[in-house]
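Undergrad: protein08.cif is reproduced in full below (mmCIF, N, CA and C atoms and all ligand atoms).
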```cif
data_target
loop_
_atom_site.label_atom_id
_atom_site.label_comp_id
_atom_site.auth_asym_id
_atom_site.auth_seq_id
_atom_site.Cartn_x
_atom_site.Cartn_y
_atom_site.Cartn_z
N MET A 1 51.02 23.37 61.43
CA MET A 1 51.22 24.70 62.01
C MET A 1 49.88 25.42 62.14
N ASP A 2 49.53 25.77 63.34
CA ASP A 2 48.31 26.56 63.48
C ASP A 2 48.63 27.92 64.10
N GLU A 3 49.85 28.39 63.85
CA GLU A 3 50.17 29.74 64.30
C GLU A 3 49.38 30.74 63.47
N PRO A 4 49.01 31.85 64.10
CA PRO A 4 48.24 32.84 63.34
C PRO A 4 49.07 33.43 62.21
N THR A 5 48.42 33.79 61.15
CA THR A 5 49.13 34.50 60.10
C THR A 5 49.46 35.89 60.59
N THR A 6 50.36 36.51 59.89
CA THR A 6 50.75 37.87 60.24
C THR A 6 49.54 38.79 60.29
N GLU A 7 48.69 38.69 59.28
CA GLU A 7 47.54 39.60 59.23
C GLU A 7 46.57 39.32 60.38
N GLU A 8 46.41 38.03 60.72
CA GLU A 8 45.54 37.70 61.86
C GLU A 8 46.08 38.31 63.15
N ALA A 9 47.39 38.23 63.33
CA ALA A 9 48.00 38.78 64.54
C ALA A 9 47.84 40.30 64.58
N VAL A 10 48.01 40.93 63.43
CA VAL A 10 47.89 42.38 63.38
C VAL A 10 46.45 42.80 63.67
N GLN A 11 45.49 42.09 63.08
CA GLN A 11 44.08 42.44 63.31
C GLN A 11 43.66 42.16 64.76
N ARG A 12 44.20 41.09 65.32
CA ARG A 12 43.89 40.78 66.71
C ARG A 12 44.45 41.88 67.61
N GLY A 13 45.68 42.29 67.36
CA GLY A 13 46.29 43.35 68.16
C GLY A 13 45.51 44.64 68.03
N ARG A 14 45.08 44.95 66.83
CA ARG A 14 44.31 46.17 66.60
C ARG A 14 43.04 46.16 67.44
N ALA A 15 42.33 45.02 67.43
CA ALA A 15 41.07 44.91 68.16
C ALA A 15 41.30 45.02 69.67
N LEU A 16 42.37 44.40 70.17
CA LEU A 16 42.65 44.43 71.61
C LEU A 16 42.96 45.85 72.07
N VAL A 17 43.82 46.52 71.32
CA VAL A 17 44.21 47.87 71.74
C VAL A 17 43.05 48.84 71.60
N LEU A 18 42.26 48.65 70.55
CA LEU A 18 41.08 49.50 70.38
C LEU A 18 40.11 49.34 71.57
N ALA A 19 39.96 48.11 72.03
CA ALA A 19 39.08 47.86 73.19
C ALA A 19 39.60 48.59 74.42
N ASP A 20 40.92 48.59 74.59
CA ASP A 20 41.49 49.27 75.76
C ASP A 20 41.37 50.78 75.65
N LEU A 21 41.53 51.30 74.45
CA LEU A 21 41.31 52.74 74.25
C LEU A 21 39.86 53.10 74.58
N ALA A 22 38.94 52.27 74.09
CA ALA A 22 37.52 52.52 74.34
C ALA A 22 37.20 52.46 75.82
N ALA A 23 37.90 51.57 76.54
CA ALA A 23 37.66 51.43 77.98
C ALA A 23 37.95 52.74 78.72
N ASP A 24 38.83 53.55 78.15
CA ASP A 24 39.17 54.83 78.78
C ASP A 24 38.62 56.02 78.00
N GLY A 25 37.65 55.76 77.13
CA GLY A 25 37.04 56.86 76.39
C GLY A 25 37.98 57.50 75.39
N LEU A 26 38.95 56.71 74.89
CA LEU A 26 39.95 57.26 73.98
C LEU A 26 39.87 56.63 72.59
N ALA A 27 38.68 56.30 72.17
CA ALA A 27 38.52 55.68 70.85
C ALA A 27 37.88 56.66 69.87
N GLY A 28 38.23 57.92 69.98
CA GLY A 28 37.75 58.93 69.05
C GLY A 28 38.52 58.88 67.74
N PRO A 29 38.11 59.70 66.77
CA PRO A 29 38.74 59.66 65.44
C PRO A 29 40.25 59.91 65.50
N ASP A 30 40.68 60.81 66.38
CA ASP A 30 42.10 61.12 66.47
C ASP A 30 42.91 59.92 66.95
N GLU A 31 42.42 59.29 68.01
CA GLU A 31 43.13 58.13 68.55
C GLU A 31 43.09 56.97 67.56
N VAL A 32 41.93 56.78 66.93
CA VAL A 32 41.82 55.66 65.99
C VAL A 32 42.76 55.87 64.81
N SER A 33 42.90 57.12 64.35
CA SER A 33 43.80 57.32 63.22
C SER A 33 45.25 57.09 63.64
N ARG A 34 45.59 57.41 64.88
CA ARG A 34 46.93 57.08 65.38
C ARG A 34 47.13 55.57 65.49
N LEU A 35 46.07 54.89 65.91
CA LEU A 35 46.16 53.43 65.98
C LEU A 35 46.36 52.84 64.58
N GLU A 36 45.65 53.38 63.59
CA GLU A 36 45.80 52.86 62.23
C GLU A 36 47.23 53.06 61.72
N GLU A 37 47.84 54.19 62.08
CA GLU A 37 49.24 54.42 61.70
C GLU A 37 50.14 53.36 62.33
N ALA A 38 49.90 53.09 63.62
CA ALA A 38 50.71 52.09 64.31
C ALA A 38 50.48 50.71 63.70
N VAL A 39 49.22 50.41 63.36
CA VAL A 39 48.89 49.11 62.77
C VAL A 39 49.61 48.94 61.43
N SER A 40 49.63 49.99 60.61
CA SER A 40 50.27 49.80 59.31
C SER A 40 51.78 49.66 59.46
N HIS A 41 52.35 50.34 60.46
CA HIS A 41 53.78 50.15 60.70
C HIS A 41 54.06 48.72 61.18
N ARG A 42 53.25 48.22 62.09
CA ARG A 42 53.50 46.87 62.63
C ARG A 42 53.19 45.79 61.60
N ARG A 43 52.28 46.07 60.67
CA ARG A 43 52.02 45.12 59.59
C ARG A 43 53.29 44.97 58.74
N TRP A 44 53.91 46.10 58.44
CA TRP A 44 55.18 46.07 57.71
C TRP A 44 56.23 45.32 58.52
N TRP A 45 56.33 45.66 59.81
CA TRP A 45 57.33 45.09 60.70
C TRP A 45 57.18 43.57 60.77
N ALA A 46 55.93 43.10 60.94
CA ALA A 46 55.70 41.65 61.04
C ALA A 46 55.91 40.97 59.70
N GLY A 47 55.71 41.71 58.62
CA GLY A 47 56.01 41.16 57.30
C GLY A 47 57.50 40.90 57.13
N GLU A 48 58.30 41.79 57.73
CA GLU A 48 59.76 41.62 57.69
C GLU A 48 60.21 40.50 58.62
N TRP A 49 59.46 40.29 59.68
CA TRP A 49 59.84 39.31 60.70
C TRP A 49 58.60 38.53 61.14
N PRO A 50 58.17 37.56 60.31
CA PRO A 50 56.90 36.87 60.59
C PRO A 50 56.87 36.18 61.95
N ARG A 51 58.02 35.71 62.44
CA ARG A 51 58.01 35.05 63.75
C ARG A 51 57.72 36.04 64.88
N GLY A 52 57.85 37.33 64.57
CA GLY A 52 57.53 38.36 65.57
C GLY A 52 56.07 38.74 65.58
N ALA A 53 55.29 38.16 64.68
CA ALA A 53 53.88 38.57 64.57
C ALA A 53 53.13 38.39 65.89
N VAL A 54 53.50 37.35 66.65
CA VAL A 54 52.80 37.11 67.93
C VAL A 54 53.05 38.24 68.93
N PHE A 55 54.07 39.04 68.70
CA PHE A 55 54.38 40.14 69.62
C PHE A 55 53.61 41.42 69.29
N VAL A 56 52.91 41.40 68.15
CA VAL A 56 52.28 42.64 67.67
C VAL A 56 51.26 43.23 68.64
N PRO A 57 50.39 42.43 69.29
CA PRO A 57 49.44 43.06 70.22
C PRO A 57 50.13 43.88 71.31
N GLY A 58 51.16 43.33 71.95
CA GLY A 58 51.87 44.06 73.00
C GLY A 58 52.59 45.28 72.46
N LEU A 59 53.13 45.14 71.25
CA LEU A 59 53.84 46.27 70.66
C LEU A 59 52.89 47.39 70.27
N LEU A 60 51.71 47.02 69.78
CA LEU A 60 50.72 48.06 69.43
C LEU A 60 50.27 48.82 70.68
N ALA A 61 50.12 48.10 71.77
CA ALA A 61 49.74 48.77 73.02
C ALA A 61 50.81 49.79 73.41
N GLN A 62 52.07 49.41 73.25
CA GLN A 62 53.17 50.34 73.59
C GLN A 62 53.25 51.48 72.58
N ASP A 63 52.96 51.18 71.32
CA ASP A 63 52.94 52.25 70.32
C ASP A 63 51.91 53.30 70.70
N MET A 64 50.76 52.85 71.18
CA MET A 64 49.71 53.81 71.53
C MET A 64 50.04 54.55 72.82
N GLN A 65 50.76 53.91 73.73
CA GLN A 65 51.23 54.66 74.90
C GLN A 65 52.11 55.83 74.46
N ASP A 66 53.00 55.54 73.51
CA ASP A 66 53.89 56.60 73.02
C ASP A 66 53.11 57.68 72.28
N ALA A 67 52.16 57.26 71.45
CA ALA A 67 51.40 58.22 70.65
C ALA A 67 50.55 59.12 71.55
N LEU A 68 49.94 58.53 72.57
CA LEU A 68 49.05 59.30 73.43
C LEU A 68 49.82 60.20 74.39
N LEU A 69 51.06 59.84 74.67
CA LEU A 69 51.86 60.65 75.58
C LEU A 69 51.96 62.08 75.06
N GLU A 70 52.05 62.22 73.74
CA GLU A 70 52.18 63.56 73.14
C GLU A 70 50.89 64.36 73.27
N THR A 71 49.75 63.70 73.07
CA THR A 71 48.50 64.45 72.95
C THR A 71 47.63 64.37 74.20
N HIS A 72 47.73 63.29 74.93
CA HIS A 72 46.80 63.02 76.02
C HIS A 72 47.50 62.94 77.37
N GLY A 73 48.75 62.49 77.37
CA GLY A 73 49.48 62.25 78.61
C GLY A 73 49.64 60.77 78.86
N PRO A 74 50.19 60.40 80.02
CA PRO A 74 50.44 58.99 80.29
C PRO A 74 49.15 58.17 80.25
N TRP A 75 49.22 57.02 79.60
CA TRP A 75 48.07 56.12 79.48
C TRP A 75 48.59 54.69 79.49
N PRO A 76 47.81 53.76 80.06
CA PRO A 76 46.60 53.95 80.88
C PRO A 76 46.94 54.15 82.35
N ARG A 77 46.14 54.92 83.02
CA ARG A 77 46.31 55.20 84.44
C ARG A 77 46.25 53.90 85.25
N CYS A 78 47.14 53.79 86.23
CA CYS A 78 47.14 52.63 87.11
C CYS A 78 45.94 52.70 88.05
N PRO A 79 45.17 51.61 88.17
CA PRO A 79 43.99 51.64 89.04
C PRO A 79 44.33 51.46 90.52
N TYR A 80 45.58 51.15 90.84
CA TYR A 80 45.93 50.82 92.23
C TYR A 80 46.60 51.96 92.97
N CYS A 81 47.19 52.90 92.23
CA CYS A 81 48.08 53.87 92.87
C CYS A 81 47.50 55.28 92.77
N ALA A 82 46.37 55.49 93.41
CA ALA A 82 45.74 56.81 93.38
C ALA A 82 46.61 57.85 94.07
N ASP A 83 47.41 57.42 95.05
CA ASP A 83 48.26 58.36 95.80
C ASP A 83 49.43 58.87 94.95
N GLU A 84 49.84 58.07 93.99
CA GLU A 84 50.96 58.46 93.13
C GLU A 84 50.65 58.03 91.70
N PRO A 85 49.87 58.84 91.00
CA PRO A 85 49.38 58.41 89.68
C PRO A 85 50.53 58.11 88.72
N HIS A 86 50.38 57.03 88.01
CA HIS A 86 51.39 56.66 87.00
C HIS A 86 50.70 55.74 86.00
N PRO A 87 51.28 55.59 84.82
CA PRO A 87 50.68 54.69 83.84
C PRO A 87 51.08 53.24 84.09
N LEU A 88 50.23 52.33 83.63
CA LEU A 88 50.56 50.91 83.64
C LEU A 88 51.61 50.62 82.56
N ASP A 89 52.35 49.54 82.77
CA ASP A 89 53.34 49.09 81.78
C ASP A 89 52.82 47.83 81.09
N VAL A 90 53.28 47.64 79.86
CA VAL A 90 52.99 46.40 79.15
C VAL A 90 54.09 45.39 79.47
N GLU A 91 53.68 44.22 79.96
CA GLU A 91 54.65 43.15 80.22
C GLU A 91 54.13 41.86 79.63
N PRO A 92 54.95 41.07 78.97
CA PRO A 92 56.32 41.44 78.61
C PRO A 92 56.35 42.48 77.48
N GLU A 93 57.42 43.25 77.42
CA GLU A 93 57.52 44.26 76.37
C GLU A 93 57.55 43.62 74.99
N LEU A 94 58.19 42.46 74.93
CA LEU A 94 58.27 41.74 73.66
C LEU A 94 57.95 40.28 73.94
N GLY A 95 56.65 39.97 73.91
CA GLY A 95 56.27 38.60 74.21
C GLY A 95 54.81 38.37 73.88
N GLU A 96 54.41 37.11 74.04
CA GLU A 96 53.01 36.76 73.81
C GLU A 96 52.22 37.03 75.08
N ASP A 97 50.91 37.14 74.94
CA ASP A 97 50.02 37.26 76.08
C ASP A 97 50.37 38.47 76.96
N PRO A 98 50.44 39.66 76.36
CA PRO A 98 50.83 40.85 77.12
C PRO A 98 49.76 41.30 78.12
N HIS A 99 50.23 41.79 79.25
CA HIS A 99 49.36 42.29 80.30
C HIS A 99 49.71 43.74 80.64
N TRP A 100 48.72 44.46 81.17
CA TRP A 100 48.97 45.77 81.78
C TRP A 100 49.35 45.52 83.23
N VAL A 101 50.51 46.02 83.62
CA VAL A 101 51.03 45.74 84.94
C VAL A 101 51.42 47.04 85.62
N CYS A 102 51.14 47.12 86.93
CA CYS A 102 51.59 48.25 87.75
C CYS A 102 53.07 48.06 88.05
N GLY A 103 53.90 48.98 87.59
CA GLY A 103 55.33 48.86 87.81
C GLY A 103 55.75 49.11 89.25
N ARG A 104 54.88 49.72 90.05
CA ARG A 104 55.22 49.99 91.44
C ARG A 104 54.96 48.79 92.32
N THR A 105 53.80 48.15 92.12
CA THR A 105 53.43 47.05 93.02
C THR A 105 53.63 45.69 92.36
N GLY A 106 53.82 45.67 91.05
CA GLY A 106 53.95 44.41 90.34
C GLY A 106 52.62 43.73 90.06
N ARG A 107 51.53 44.38 90.46
CA ARG A 107 50.21 43.76 90.23
C ARG A 107 49.83 43.84 88.77
N ALA A 108 49.28 42.75 88.25
CA ALA A 108 48.77 42.74 86.89
C ALA A 108 47.33 43.26 86.92
N ALA A 109 47.06 44.31 86.17
CA ALA A 109 45.73 44.91 86.19
C ALA A 109 44.78 44.16 85.27
N ALA A 110 45.26 43.79 84.09
CA ALA A 110 44.40 43.14 83.09
C ALA A 110 45.25 42.72 81.91
N PRO A 111 44.80 41.70 81.18
CA PRO A 111 45.45 41.43 79.89
C PRO A 111 45.21 42.62 78.95
N VAL A 112 46.16 42.85 78.04
CA VAL A 112 45.91 43.83 76.99
C VAL A 112 44.64 43.40 76.25
N GLY A 113 43.72 44.32 76.09
CA GLY A 113 42.42 44.02 75.47
C GLY A 113 41.30 43.91 76.49
N SER A 114 41.66 43.82 77.78
CA SER A 114 40.66 43.67 78.84
C SER A 114 40.77 44.76 79.89
N LEU A 115 41.28 45.92 79.48
CA LEU A 115 41.46 47.00 80.45
C LEU A 115 40.14 47.39 81.12
N ALA A 116 39.04 47.22 80.40
CA ALA A 116 37.74 47.57 80.97
C ALA A 116 37.49 46.83 82.28
N SER A 117 38.04 45.62 82.41
CA SER A 117 37.82 44.83 83.63
C SER A 117 38.53 45.47 84.82
N ALA A 118 39.54 46.31 84.57
CA ALA A 118 40.25 46.98 85.66
C ALA A 118 39.62 48.33 85.98
N ARG A 119 38.60 48.69 85.23
CA ARG A 119 38.00 50.01 85.41
C ARG A 119 36.68 49.95 86.15
N ARG A 120 36.23 48.74 86.50
CA ARG A 120 34.95 48.62 87.19
C ARG A 120 35.07 49.01 88.64
ZN ZN A 201 50.42 51.38 90.21
#
```
Can the structure in the file be given as structure tokens, please?

TA:
Amino acid sequence: MDEPTTEEAVQRGRALVLADLAADGLAGPDEVSRLEEAVSHRRWWAGEWPRGAVFVPGLLAQDMQDALLETHGPWPRCPYCADEPHPLDVEPELGEDPHWVCGRTGRAAAPVGSLASARR
């Protein structure tokens, strides 16, 4: 078995989501502390359901969408739909290899963790 341990999956998810926050200038102390809250919840969650650990990166991205909605607004902005601004969605919602996807056009903007590549 070379599946990642729960802690490896949680740390990987943390790093990916932090990179995406940084890509949009949202890696300040407030956002990072919200991310840490989400990380500790998902660490518990994956401890209860170790086979779900691979889903943690995508779930953390969605946790931060929810957290930022209260303080910052919809995140992350879709790079394709300037005429009708909307946030990207995480797909799959519960799966491995999550991507940021435009729900209007179906275009995949970037893997979670590589949002910076959609911002150039
Ligand atoms: Zn779009």

Undergrad: Check every protein, DNA and RNA residue against ligand ZN 201 (chain A), keep those with an atom at most 5 Å away (counting only N, CA and C atoms and all ligand atoms), and present them as an MDAnalysis selection string.

TA: chainID A and resid 78 80:81 102:104

Undergrad: Between A:Pro111, A:Ala53, A:Leu21, A:Leu60, which has the minimum distance to A:Thr5 (counting all atoms listed in the file)?

TA: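 The shortest atom-to-atom distance to A:Thr5 comes from A:Ala53.
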
Undergrad: Given only C-alpha atoms as the basis, pick out the residue of A:Glu84, A:Trp44, A:Val112, A:Glu93 nearest to A:Arg14.

TA: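 Closest candidate: A:Val112.
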
Undergrad: Could you tell me how far atom N of A:Ala108 lies from atom N of A:Arg12, in Å and to one decimal?

TA: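 Those two atoms sit 23.5 Å apart.
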
Undergrad: Do you know which residues are at most 8 Å from A:Gln62 counting all atoms listed in the file, after dropping those on the same chain fewer than 6 positions away, and could you put them as a VMD selection string?

TA: chain A and resid 56 68 89 to 90 93

Undergrad: Only N, CA and C atoms, please: the residues just picked out, written as a PDB file, in the coordinates of the input.

TA:
```pdb
ATOM      1  N   VAL A  56      52.910  41.400  68.150  1.00  0.00           N
ATOM      2  CA  VAL A  56      52.280  42.640  67.670  1.00  0.00           C
ATOM      3  C   VAL A  56      51.260  43.230  68.640  1.00  0.00           C
ATOM      4  N   LEU A  68      49.940  58.530  72.570  1.00  0.00           N
ATOM      5  CA  LEU A  68      49.050  59.300  73.430  1.00  0.00           C
ATOM      6  C   LEU A  68      49.820  60.200  74.390  1.00  0.00           C
ATOM      7  N   ASP A  89      52.350  49.540  82.770  1.00  0.00           N
ATOM      8  CA  ASP A  89      53.340  49.090  81.780  1.00  0.00           C
ATOM      9  C   ASP A  89      52.820  47.830  81.090  1.00  0.00           C
ATOM     10  N   VAL A  90      53.280  47.640  79.860  1.00  0.00           N
ATOM     11  CA  VAL A  90      52.990  46.400  79.150  1.00  0.00           C
ATOM     12  C   VAL A  90      54.090  45.390  79.470  1.00  0.00           C
ATOM     13  N   GLU A  93      57.420  43.250  77.420  1.00  0.00           N
ATOM     14  CA  GLU A  93      57.520  44.260  76.370  1.00  0.00           C
ATOM     15  C   GLU A  93      57.550  43.620  74.990  1.00  0.00           C
TER      16      GLU A  93
END
```

Undergrad: Using only N, CA and C atoms, which residues sit within 5 Å of A:Arg77 once same-chain residues fewer than 4 positions away are excluded, as a tab-separated table (two decimals) with N, CA and C atoms, keeping the file's coordinate frame?

TA:
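selection12.tsv was written with the following content:
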```
chain	number	residue	atom	x	y	z
A	86	HIS	N	50.38	57.03	88.01
A	86	HIS	CA	51.39	56.66	87.00
A	86	HIS	C	50.70	55.74	86.00
A	87	PRO	N	51.28	55.59	84.82
A	87	PRO	CA	50.68	54.69	83.84
A	87	PRO	C	51.08	53.24	84.09
A	88	LEU	N	50.23	52.33	83.63
A	88	LEU	CA	50.56	50.91	83.64
A	88	LEU	C	51.61	50.62	82.56
```

Undergrad: With distances taken over only C-alpha atoms, which of A:Ala118, A:Pro92, A:Ala110, A:Glu31 is nearest to A:Thr71?

TA: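 The answer is A:Glu31, which sits nearest to A:Thr71.
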
Undergrad: Record the distance separating atom CA of A:Gly52 and atom CA of A:Asp97, expressed in Å with one decimal.

TA: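 Separation between atom CA of A:Gly52 and atom CA of A:Asp97: 13.0 Å.
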
Undergrad: Do you have the atom CA of A:Met64-atom CA of A:Glu36 distance handy?

TA: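 Here the two named atoms are 10.1 Å from each other.
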
Undergrad: Pick the closest to A:Gly58 from A:Pro85, A:Gly113, A:Gly106, A:Pro98: which is it, counting all atoms listed in the file?

TA: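 So, comparing all the options, the nearest one is A:Pro98.
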
Undergrad: Please identify the strand (DSSP E) residues within chain A (assignment by DSSP from backbone atoms) and present them as number ranges by chain.

TA: A: 89-91, 99-101, 108-111
